[in-house]
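Read through the structure below, which is laid out as C-alpha cells, and then see the notes.
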Amino acid sequence: MANLGRITKVEPIRSPAHILSIKRLLKRSPRNLAIFTLGINTALRASDLLRIRLCDVEHLGRGESFTIREKKTGKVKQVTLNNASYRAVRRYLKVRRTTKADAPLFLSRQGAYSSICVRHLNELVKNWASSCGLKGRYGSHSLRKTFGYMQRTRYKTDLPTLMVAFNHSSQHQTLTYLGVQADDVHRAFMNEI
C-alpha cells in the first residue's frame, strides 16, 4: 500500500551547467522550457506555477509583475518576469494552442482549459534531470529550490530577502530550500577568522 502523505525531499539543481543542459534539452518544447524557466526564476511552488493563467502574463514586459494567491498559504505573491522568464513565455505564447485569456498558461494535452498537473510536472523534472546526467532526487519542487540555491550561491542574495521571496516563517526553512548540507556547515567552521 502506498504511503499517502509521505514527503520526499528533493534537491535543487546546483550547477549552472546542468541548468543550461536542461534548457538545451527543452529547446524544442516551448511549453516545457517556459515551465522550467519560470520555475527556476520565480520561487513559485509547482501548484502555483501551474495555476498561472494566460491573462496573468500575456500583457507583461520584461521586469513587469503579476500577482497570484498562493494555494498553500493563501497569501498574495508578486511575481516578476526577469529577462529569461520573459523570453521563454513569449516564445511559448507564439505556439500556444488557445488564446482564451482565462485558460491556464501551461496547457495539458487534455484540452484548452486543462493545465498539466503537479504529478506530471514532477515526472517531467525527474526525466529532465536524468537526461542531463543528474544523480539524486529531483522533482517539481526542485525548481523552487533551484531558485533559492542559485540566488544564495551565485548572486549572494541575503537570507532575509530569500525568506520574503519564499514566504517562509523561519531561516531554518529557507536554509532547507537552499540545499545547505552538513558539508557546507563544516566548511564554514573551517574558515579561519
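In the C-alpha cells, chains take letters A, B, ... by order of appearance, with residues numbered from 1 within each chain and ligands from 1 in the order shown.
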- Just the residues within 9 Å of range 116-121 of chain A, please, counting only C-alpha atoms, with nothing from its chain fewer than 3 positions along; format it as a ChimeraX atom specification. /A:35,46-47,50,104,106-110,124-126,139-140
Next, write the just-selected residues to a file, as a compact mmCIF listing (two decimals), in the first residue's frame, keeping all heavy atoms as the atom set.
# COMPACT_ATOMS: atom_id res chain seq x y z
N ILE A 35 7.95 26.42 -18.60
CA ILE A 35 7.69 25.92 -17.25
C ILE A 35 8.98 25.88 -16.45
O ILE A 35 9.05 26.36 -15.32
CB ILE A 35 7.06 24.51 -17.30
CG1 ILE A 35 5.64 24.56 -17.86
CG2 ILE A 35 7.05 23.87 -15.90
CD1 ILE A 35 5.06 23.18 -18.16
N ALA A 46 5.11 24.41 -7.33
CA ALA A 46 4.61 23.81 -8.58
C ALA A 46 3.12 24.05 -8.74
O ALA A 46 2.65 24.37 -9.84
CB ALA A 46 4.93 22.32 -8.61
N SER A 47 2.35 23.91 -7.66
CA SER A 47 0.90 24.09 -7.77
C SER A 47 0.54 25.51 -8.20
O SER A 47 -0.42 25.71 -8.95
CB SER A 47 0.22 23.75 -6.44
OG SER A 47 0.73 24.56 -5.40
N LEU A 50 1.63 26.15 -11.99
CA LEU A 50 0.69 25.57 -12.95
C LEU A 50 -0.67 26.25 -12.94
O LEU A 50 -1.49 25.99 -13.81
CB LEU A 50 0.56 24.07 -12.69
CG LEU A 50 1.87 23.30 -12.85
CD1 LEU A 50 1.68 21.84 -12.48
CD2 LEU A 50 2.44 23.46 -14.25
N PRO A 104 -5.51 28.20 -18.50
CA PRO A 104 -4.20 28.04 -17.88
C PRO A 104 -3.09 28.34 -18.89
O PRO A 104 -3.24 28.06 -20.08
CB PRO A 104 -4.16 26.56 -17.48
CG PRO A 104 -5.57 26.09 -17.51
CD PRO A 104 -6.28 26.96 -18.49
N PHE A 106 -0.09 26.92 -18.93
CA PHE A 106 0.57 25.67 -19.31
C PHE A 106 -0.45 24.58 -19.55
O PHE A 106 -0.88 23.87 -18.65
CB PHE A 106 1.58 25.25 -18.25
CG PHE A 106 2.65 26.28 -18.05
CD1 PHE A 106 2.78 26.93 -16.84
CD2 PHE A 106 3.49 26.63 -19.10
CE1 PHE A 106 3.76 27.89 -16.66
CE2 PHE A 106 4.47 27.60 -18.93
CZ PHE A 106 4.61 28.23 -17.71
N LEU A 107 -0.84 24.47 -20.81
CA LEU A 107 -1.90 23.55 -21.19
C LEU A 107 -1.41 22.11 -21.23
O LEU A 107 -0.29 21.82 -21.64
CB LEU A 107 -2.42 23.93 -22.58
CG LEU A 107 -3.02 25.33 -22.69
CD1 LEU A 107 -3.29 25.67 -24.15
CD2 LEU A 107 -4.29 25.43 -21.87
N SER A 108 -2.32 21.22 -20.82
CA SER A 108 -2.04 19.80 -20.97
C SER A 108 -2.49 19.38 -22.36
O SER A 108 -3.02 20.18 -23.13
CB SER A 108 -2.81 19.00 -19.92
OG SER A 108 -4.18 18.95 -20.25
N ARG A 109 -2.33 18.14 -22.66
CA ARG A 109 -2.80 17.63 -23.95
C ARG A 109 -4.29 17.28 -23.88
O ARG A 109 -4.86 16.83 -24.86
CB ARG A 109 -1.98 16.40 -24.34
CG ARG A 109 -0.53 16.76 -24.55
CD ARG A 109 0.28 15.51 -24.79
NE ARG A 109 1.64 15.69 -24.33
CZ ARG A 109 2.66 16.01 -25.10
NH1 ARG A 109 2.50 16.17 -26.36
NH2 ARG A 109 3.86 16.16 -24.61
N GLN A 110 -4.90 17.49 -22.71
CA GLN A 110 -6.30 17.13 -22.49
C GLN A 110 -7.28 18.13 -23.08
O GLN A 110 -8.44 17.82 -23.29
CB GLN A 110 -6.60 16.97 -21.00
CG GLN A 110 -5.69 15.99 -20.30
CD GLN A 110 -5.72 14.61 -20.92
OE1 GLN A 110 -6.78 14.10 -21.23
NE2 GLN A 110 -4.55 14.03 -21.13
N LEU A 124 8.16 15.07 -15.28
CA LEU A 124 8.94 15.80 -16.28
C LEU A 124 10.30 16.23 -15.73
O LEU A 124 11.33 16.01 -16.36
CB LEU A 124 8.17 17.03 -16.78
CG LEU A 124 6.98 16.80 -17.68
CD1 LEU A 124 6.21 18.11 -17.91
CD2 LEU A 124 7.41 16.20 -19.01
N VAL A 125 10.28 16.82 -14.53
CA VAL A 125 11.54 17.30 -13.94
C VAL A 125 12.49 16.13 -13.68
O VAL A 125 13.69 16.22 -13.95
CB VAL A 125 11.28 18.12 -12.66
CG1 VAL A 125 12.59 18.49 -11.97
CG2 VAL A 125 10.48 19.39 -12.98
N LYS A 126 11.96 15.03 -13.17
CA LYS A 126 12.80 13.84 -12.96
C LYS A 126 13.45 13.40 -14.26
O LYS A 126 14.65 13.10 -14.30
CB LYS A 126 11.96 12.67 -12.42
CG LYS A 126 11.60 12.78 -10.98
CD LYS A 126 10.77 11.56 -10.57
CE LYS A 126 10.27 11.69 -9.16
NZ LYS A 126 9.47 10.52 -8.75
N GLY A 139 12.49 16.64 -8.58
CA GLY A 139 11.07 16.65 -8.88
C GLY A 139 10.61 18.08 -9.05
O GLY A 139 11.43 19.02 -9.12
N SER A 140 9.32 18.28 -9.10
CA SER A 140 8.77 19.61 -9.37
C SER A 140 9.24 20.65 -8.35
O SER A 140 9.47 21.80 -8.71
CB SER A 140 7.24 19.55 -9.41
OG SER A 140 6.73 19.07 -8.18
- Long-range neighbours of range 16-23 of chain A as JSON, numbers by chain, 8 Å cut-off, only C-alpha atoms, 3 positions minimum in chain: {"A": [13, 26, 27, 33, 36, 37, 128, 129, 132, 134]}
Filtering to N, CA, C and O atoms, could you give me those residues as a PDB file, in the first residue's frame?
ATOM      1  N   ILE A  13      18.833  22.037  -8.273  1.00  0.00           N
ATOM      2  CA  ILE A  13      19.843  21.827  -9.312  1.00  0.00           C
ATOM      3  C   ILE A  13      20.949  22.821  -8.990  1.00  0.00           C
ATOM      4  O   ILE A  13      20.734  24.029  -9.032  1.00  0.00           O
ATOM      5  N   LEU A  26      15.279  21.204 -23.635  1.00  0.00           N
ATOM      6  CA  LEU A  26      13.893  21.644 -23.787  1.00  0.00           C
ATOM      7  C   LEU A  26      13.689  22.652 -24.918  1.00  0.00           C
ATOM      8  O   LEU A  26      12.569  23.108 -25.137  1.00  0.00           O
ATOM      9  N   LYS A  27      14.738  22.973 -25.621  1.00  0.00           N
ATOM     10  CA  LYS A  27      14.665  23.998 -26.668  1.00  0.00           C
ATOM     11  C   LYS A  27      13.550  23.733 -27.687  1.00  0.00           C
ATOM     12  O   LYS A  27      12.930  24.652 -28.185  1.00  0.00           O
ATOM     13  N   LEU A  33      10.064  24.413 -21.774  1.00  0.00           N
ATOM     14  CA  LEU A  33      11.120  25.379 -21.498  1.00  0.00           C
ATOM     15  C   LEU A  33      10.569  26.542 -20.671  1.00  0.00           C
ATOM     16  O   LEU A  33      11.224  27.011 -19.733  1.00  0.00           O
ATOM     17  N   PHE A  36      10.020  25.288 -17.033  1.00  0.00           N
ATOM     18  CA  PHE A  36      11.302  25.168 -16.349  1.00  0.00           C
ATOM     19  C   PHE A  36      11.874  26.550 -16.019  1.00  0.00           C
ATOM     20  O   PHE A  36      12.279  26.813 -14.882  1.00  0.00           O
ATOM     21  N   THR A  37      11.871  27.430 -16.999  1.00  0.00           N
ATOM     22  CA  THR A  37      12.460  28.755 -16.813  1.00  0.00           C
ATOM     23  C   THR A  37      11.700  29.564 -15.769  1.00  0.00           C
ATOM     24  O   THR A  37      12.311  30.183 -14.890  1.00  0.00           O
ATOM     25  N   TRP A 128      13.971  15.245 -17.027  1.00  0.00           N
ATOM     26  CA  TRP A 128      14.922  16.244 -17.492  1.00  0.00           C
ATOM     27  C   TRP A 128      16.252  16.098 -16.755  1.00  0.00           C
ATOM     28  O   TRP A 128      17.317  16.126 -17.368  1.00  0.00           O
ATOM     29  N   ALA A 129      16.174  15.949 -15.435  1.00  0.00           N
ATOM     30  CA  ALA A 129      17.385  15.818 -14.621  1.00  0.00           C
ATOM     31  C   ALA A 129      18.163  14.563 -15.016  1.00  0.00           C
ATOM     32  O   ALA A 129      19.382  14.610 -15.208  1.00  0.00           O
ATOM     33  N   CYS A 132      20.004  14.747 -18.295  1.00  0.00           N
ATOM     34  CA  CYS A 132      21.196  15.599 -18.264  1.00  0.00           C
ATOM     35  C   CYS A 132      22.265  15.062 -17.318  1.00  0.00           C
ATOM     36  O   CYS A 132      23.214  15.769 -16.980  1.00  0.00           O
ATOM     37  N   LEU A 134      22.059  14.137 -14.103  1.00  0.00           N
ATOM     38  CA  LEU A 134      21.991  14.454 -12.676  1.00  0.00           C
ATOM     39  C   LEU A 134      21.633  13.201 -11.884  1.00  0.00           C
ATOM     40  O   LEU A 134      20.708  12.478 -12.229  1.00  0.00           O
TER      41      LEU A 134
END
- Neighbour list for range 166-177 of chain A as an NGL selection string, cut-off 8 Å, only C-alpha atoms, skip fewer than 6 positions in-chain: :A and (12 or 43-44 or 144-145 or 148-149 or 159-160)
Got time to write the residues from that selection, N, CA, C and O atoms, as a short mmCIF file (atom, residue, chain, number, x, y, z; two decimals), in the first residue's frame?
data_model
loop_
_atom_site.label_atom_id
_atom_site.label_comp_id
_atom_site.auth_asym_id
_atom_site.auth_seq_id
_atom_site.Cartn_x
_atom_site.Cartn_y
_atom_site.Cartn_z
N PRO A 12 17.88 20.87 -5.01
CA PRO A 12 17.96 21.90 -6.05
C PRO A 12 18.94 21.46 -7.12
O PRO A 12 19.79 20.60 -6.88
N ALA A 43 10.43 31.30 -7.83
CA ALA A 43 10.25 30.76 -6.47
C ALA A 43 8.82 30.30 -6.21
O ALA A 43 8.41 30.15 -5.07
N LEU A 44 8.05 30.05 -7.25
CA LEU A 44 6.69 29.56 -7.07
C LEU A 44 6.69 28.07 -6.78
O LEU A 44 7.50 27.32 -7.33
N ARG A 144 11.71 25.28 -7.49
CA ARG A 144 11.64 26.31 -6.45
C ARG A 144 12.94 26.33 -5.64
O ARG A 144 13.48 27.38 -5.32
N LYS A 145 13.43 25.15 -5.32
CA LYS A 145 14.67 25.07 -4.55
C LYS A 145 15.86 25.58 -5.35
O LYS A 145 16.78 26.17 -4.80
N GLY A 148 16.22 29.36 -5.04
CA GLY A 148 16.86 29.77 -3.79
C GLY A 148 18.34 29.47 -3.76
O GLY A 148 19.16 30.30 -3.35
N TYR A 149 18.68 28.28 -4.20
CA TYR A 149 20.09 27.87 -4.18
C TYR A 149 20.93 28.80 -5.06
O TYR A 149 21.99 29.27 -4.65
N LEU A 159 19.72 36.11 3.18
CA LEU A 159 18.71 35.21 3.70
C LEU A 159 17.37 35.89 3.97
O LEU A 159 16.33 35.34 3.61
N PRO A 160 17.33 37.10 4.57
CA PRO A 160 16.03 37.75 4.77
C PRO A 160 15.27 38.00 3.46
O PRO A 160 14.05 37.83 3.40
#
- Query: Looking only at the backbone, which of the residues in chain A does DSSP tag as strand (DSSP E or B), as JSON, numbers by chain?
  - Reply: {"A": [53, 65, 66, 67, 68, 69, 76, 77, 78, 79, 80, 104, 107, 115]}
- Check chain A with DSSP on the backbone and list each residue it calls helix (DSSP H, G or I), as a ChimeraX atom specification. /A:16-25,30-42,46-49,54-57,83-95,118-131,141-153,159-166,171-177,182-190
- Work out how far apart CA of Lys77 in chain A and CA of Thr157 in chain A are and give it in Å to one decimal. 18.7 Å
- Task: Enter the distance from CA of Asp48 in chain A to CA of Arg152 in chain A, in Å, rounded to one decimal.
- Result: 22.3 Å
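Minimum atom-to-atom distance to Thr42 in chain A, evaluated using only C-alpha atoms, belongs to A:Ile68 out of A:Ala101, A:Ile68, A:Val95, A:Leu25.
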- Message: With distances taken over only C-alpha atoms, which residue among A:Met190, A:Met150, A:Ile40, A:Asn122 lies nearest Arg137 in chain A?
- Response: A:Asn122
I'd like the neighbourhood of Val79 in chain A as a compact mmCIF listing (two decimals) with N, CA, C and O atoms, in the first residue's frame, where a residue qualifies if any of its atoms comes within 12 Å (using only C-alpha atoms), though same-chain residues fewer than 6 positions away should be ignored.
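Output (selection_30.txt):
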# COMPACT_ATOMS: atom_id res chain seq x y z
N LEU A 38 10.38 29.57 -15.84
CA LEU A 38 9.60 30.27 -14.81
C LEU A 38 9.80 29.62 -13.45
O LEU A 38 9.90 30.31 -12.44
N GLY A 39 9.85 28.30 -13.43
CA GLY A 39 10.01 27.59 -12.16
C GLY A 39 11.29 27.93 -11.43
O GLY A 39 11.29 28.10 -10.21
N ASN A 41 13.02 30.68 -11.84
CA ASN A 41 13.21 32.14 -11.74
C ASN A 41 12.16 32.86 -10.91
O ASN A 41 12.24 34.07 -10.74
N THR A 42 11.15 32.15 -10.39
CA THR A 42 10.07 32.85 -9.70
C THR A 42 9.83 32.40 -8.26
O THR A 42 9.06 33.03 -7.55
N ALA A 43 10.43 31.30 -7.83
CA ALA A 43 10.25 30.76 -6.47
C ALA A 43 8.82 30.30 -6.21
O ALA A 43 8.41 30.15 -5.07
N LEU A 44 8.05 30.05 -7.25
CA LEU A 44 6.69 29.56 -7.07
C LEU A 44 6.69 28.07 -6.78
O LEU A 44 7.50 27.32 -7.33
N ARG A 45 5.76 27.64 -5.95
CA ARG A 45 5.52 26.21 -5.78
C ARG A 45 4.93 25.68 -7.08
O ARG A 45 4.29 26.43 -7.83
N ASP A 48 1.32 26.49 -7.76
CA ASP A 48 1.06 27.88 -8.14
C ASP A 48 1.59 28.17 -9.55
O ASP A 48 0.94 28.88 -10.32
N LEU A 49 2.72 27.61 -9.89
CA LEU A 49 3.28 27.75 -11.23
C LEU A 49 2.28 27.27 -12.28
O LEU A 49 2.06 27.93 -13.30
N ILE A 52 -0.92 29.59 -13.14
CA ILE A 52 -0.79 30.85 -13.88
C ILE A 52 -1.70 30.78 -15.10
O ILE A 52 -1.76 29.78 -15.80
N ASP A 56 -2.60 36.44 -16.91
CA ASP A 56 -1.62 36.92 -15.93
C ASP A 56 -0.36 37.45 -16.59
O ASP A 56 0.28 38.36 -16.07
N VAL A 57 0.02 36.87 -17.75
CA VAL A 57 1.34 37.17 -18.31
C VAL A 57 1.34 37.70 -19.74
O VAL A 57 2.34 38.26 -20.18
N LEU A 60 2.51 41.33 -20.15
CA LEU A 60 3.67 41.79 -19.40
C LEU A 60 4.91 41.96 -20.26
O LEU A 60 5.16 41.21 -21.19
N ARG A 62 9.32 42.83 -19.94
CA ARG A 62 10.45 42.47 -19.09
C ARG A 62 10.42 43.30 -17.82
O ARG A 62 10.23 44.51 -17.87
N GLY A 63 10.61 42.64 -16.68
CA GLY A 63 10.65 43.34 -15.41
C GLY A 63 9.29 43.68 -14.83
O GLY A 63 9.21 44.24 -13.75
N GLU A 64 8.22 43.35 -15.54
CA GLU A 64 6.88 43.63 -15.02
C GLU A 64 6.39 42.44 -14.21
O GLU A 64 6.90 41.33 -14.32
N SER A 65 5.37 42.70 -13.39
CA SER A 65 4.92 41.70 -12.42
C SER A 65 3.43 41.41 -12.52
O SER A 65 2.66 42.21 -13.04
N PHE A 66 3.05 40.27 -11.99
CA PHE A 66 1.65 39.91 -11.79
C PHE A 66 1.54 39.34 -10.38
O PHE A 66 2.55 39.07 -9.73
N THR A 67 0.33 39.21 -9.90
CA THR A 67 0.13 38.65 -8.56
C THR A 67 -0.62 37.33 -8.67
O THR A 67 -1.40 37.11 -9.60
N ILE A 68 -0.36 36.49 -7.68
CA ILE A 68 -1.03 35.20 -7.60
C ILE A 68 -1.27 34.90 -6.13
O ILE A 68 -0.45 35.26 -5.28
N ARG A 69 -2.41 34.31 -5.83
CA ARG A 69 -2.68 33.90 -4.46
C ARG A 69 -2.15 32.48 -4.29
O ARG A 69 -2.55 31.58 -5.00
N GLU A 70 -1.21 32.32 -3.36
CA GLU A 70 -0.60 31.02 -3.15
C GLU A 70 -1.63 30.01 -2.65
O GLU A 70 -2.39 30.31 -1.72
N SER A 85 12.70 34.63 -18.08
CA SER A 85 11.28 34.24 -17.99
C SER A 85 10.47 34.89 -19.10
O SER A 85 9.63 34.25 -19.73
N TYR A 86 10.71 36.17 -19.31
CA TYR A 86 10.00 36.90 -20.35
C TYR A 86 10.22 36.24 -21.72
O TYR A 86 9.26 36.00 -22.46
N ALA A 165 10.93 36.14 -0.41
CA ALA A 165 10.63 35.58 -1.73
C ALA A 165 9.88 34.26 -1.61
O ALA A 165 8.99 33.96 -2.40
N PHE A 166 10.24 33.46 -0.61
CA PHE A 166 9.59 32.16 -0.40
C PHE A 166 8.36 32.22 0.50
O PHE A 166 7.66 31.23 0.66
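Remark: for Arg51 in chain A, the closest of the candidate residues A:Ser115, A:Arg31, A:Val76, A:Asn82 is A:Ser115 (distances computed over only C-alpha atoms).
Pairwise distance (CA of Tyr92 in chain A, CA of Pro30 in chain A) equals 4.7 Å.
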- Which residue out of A:Ala103, A:Val10, A:Leu178, A:Ala34 has the minimum interatomic distance to Ala84 in chain A when only C-alpha atoms are used? A:Ala34
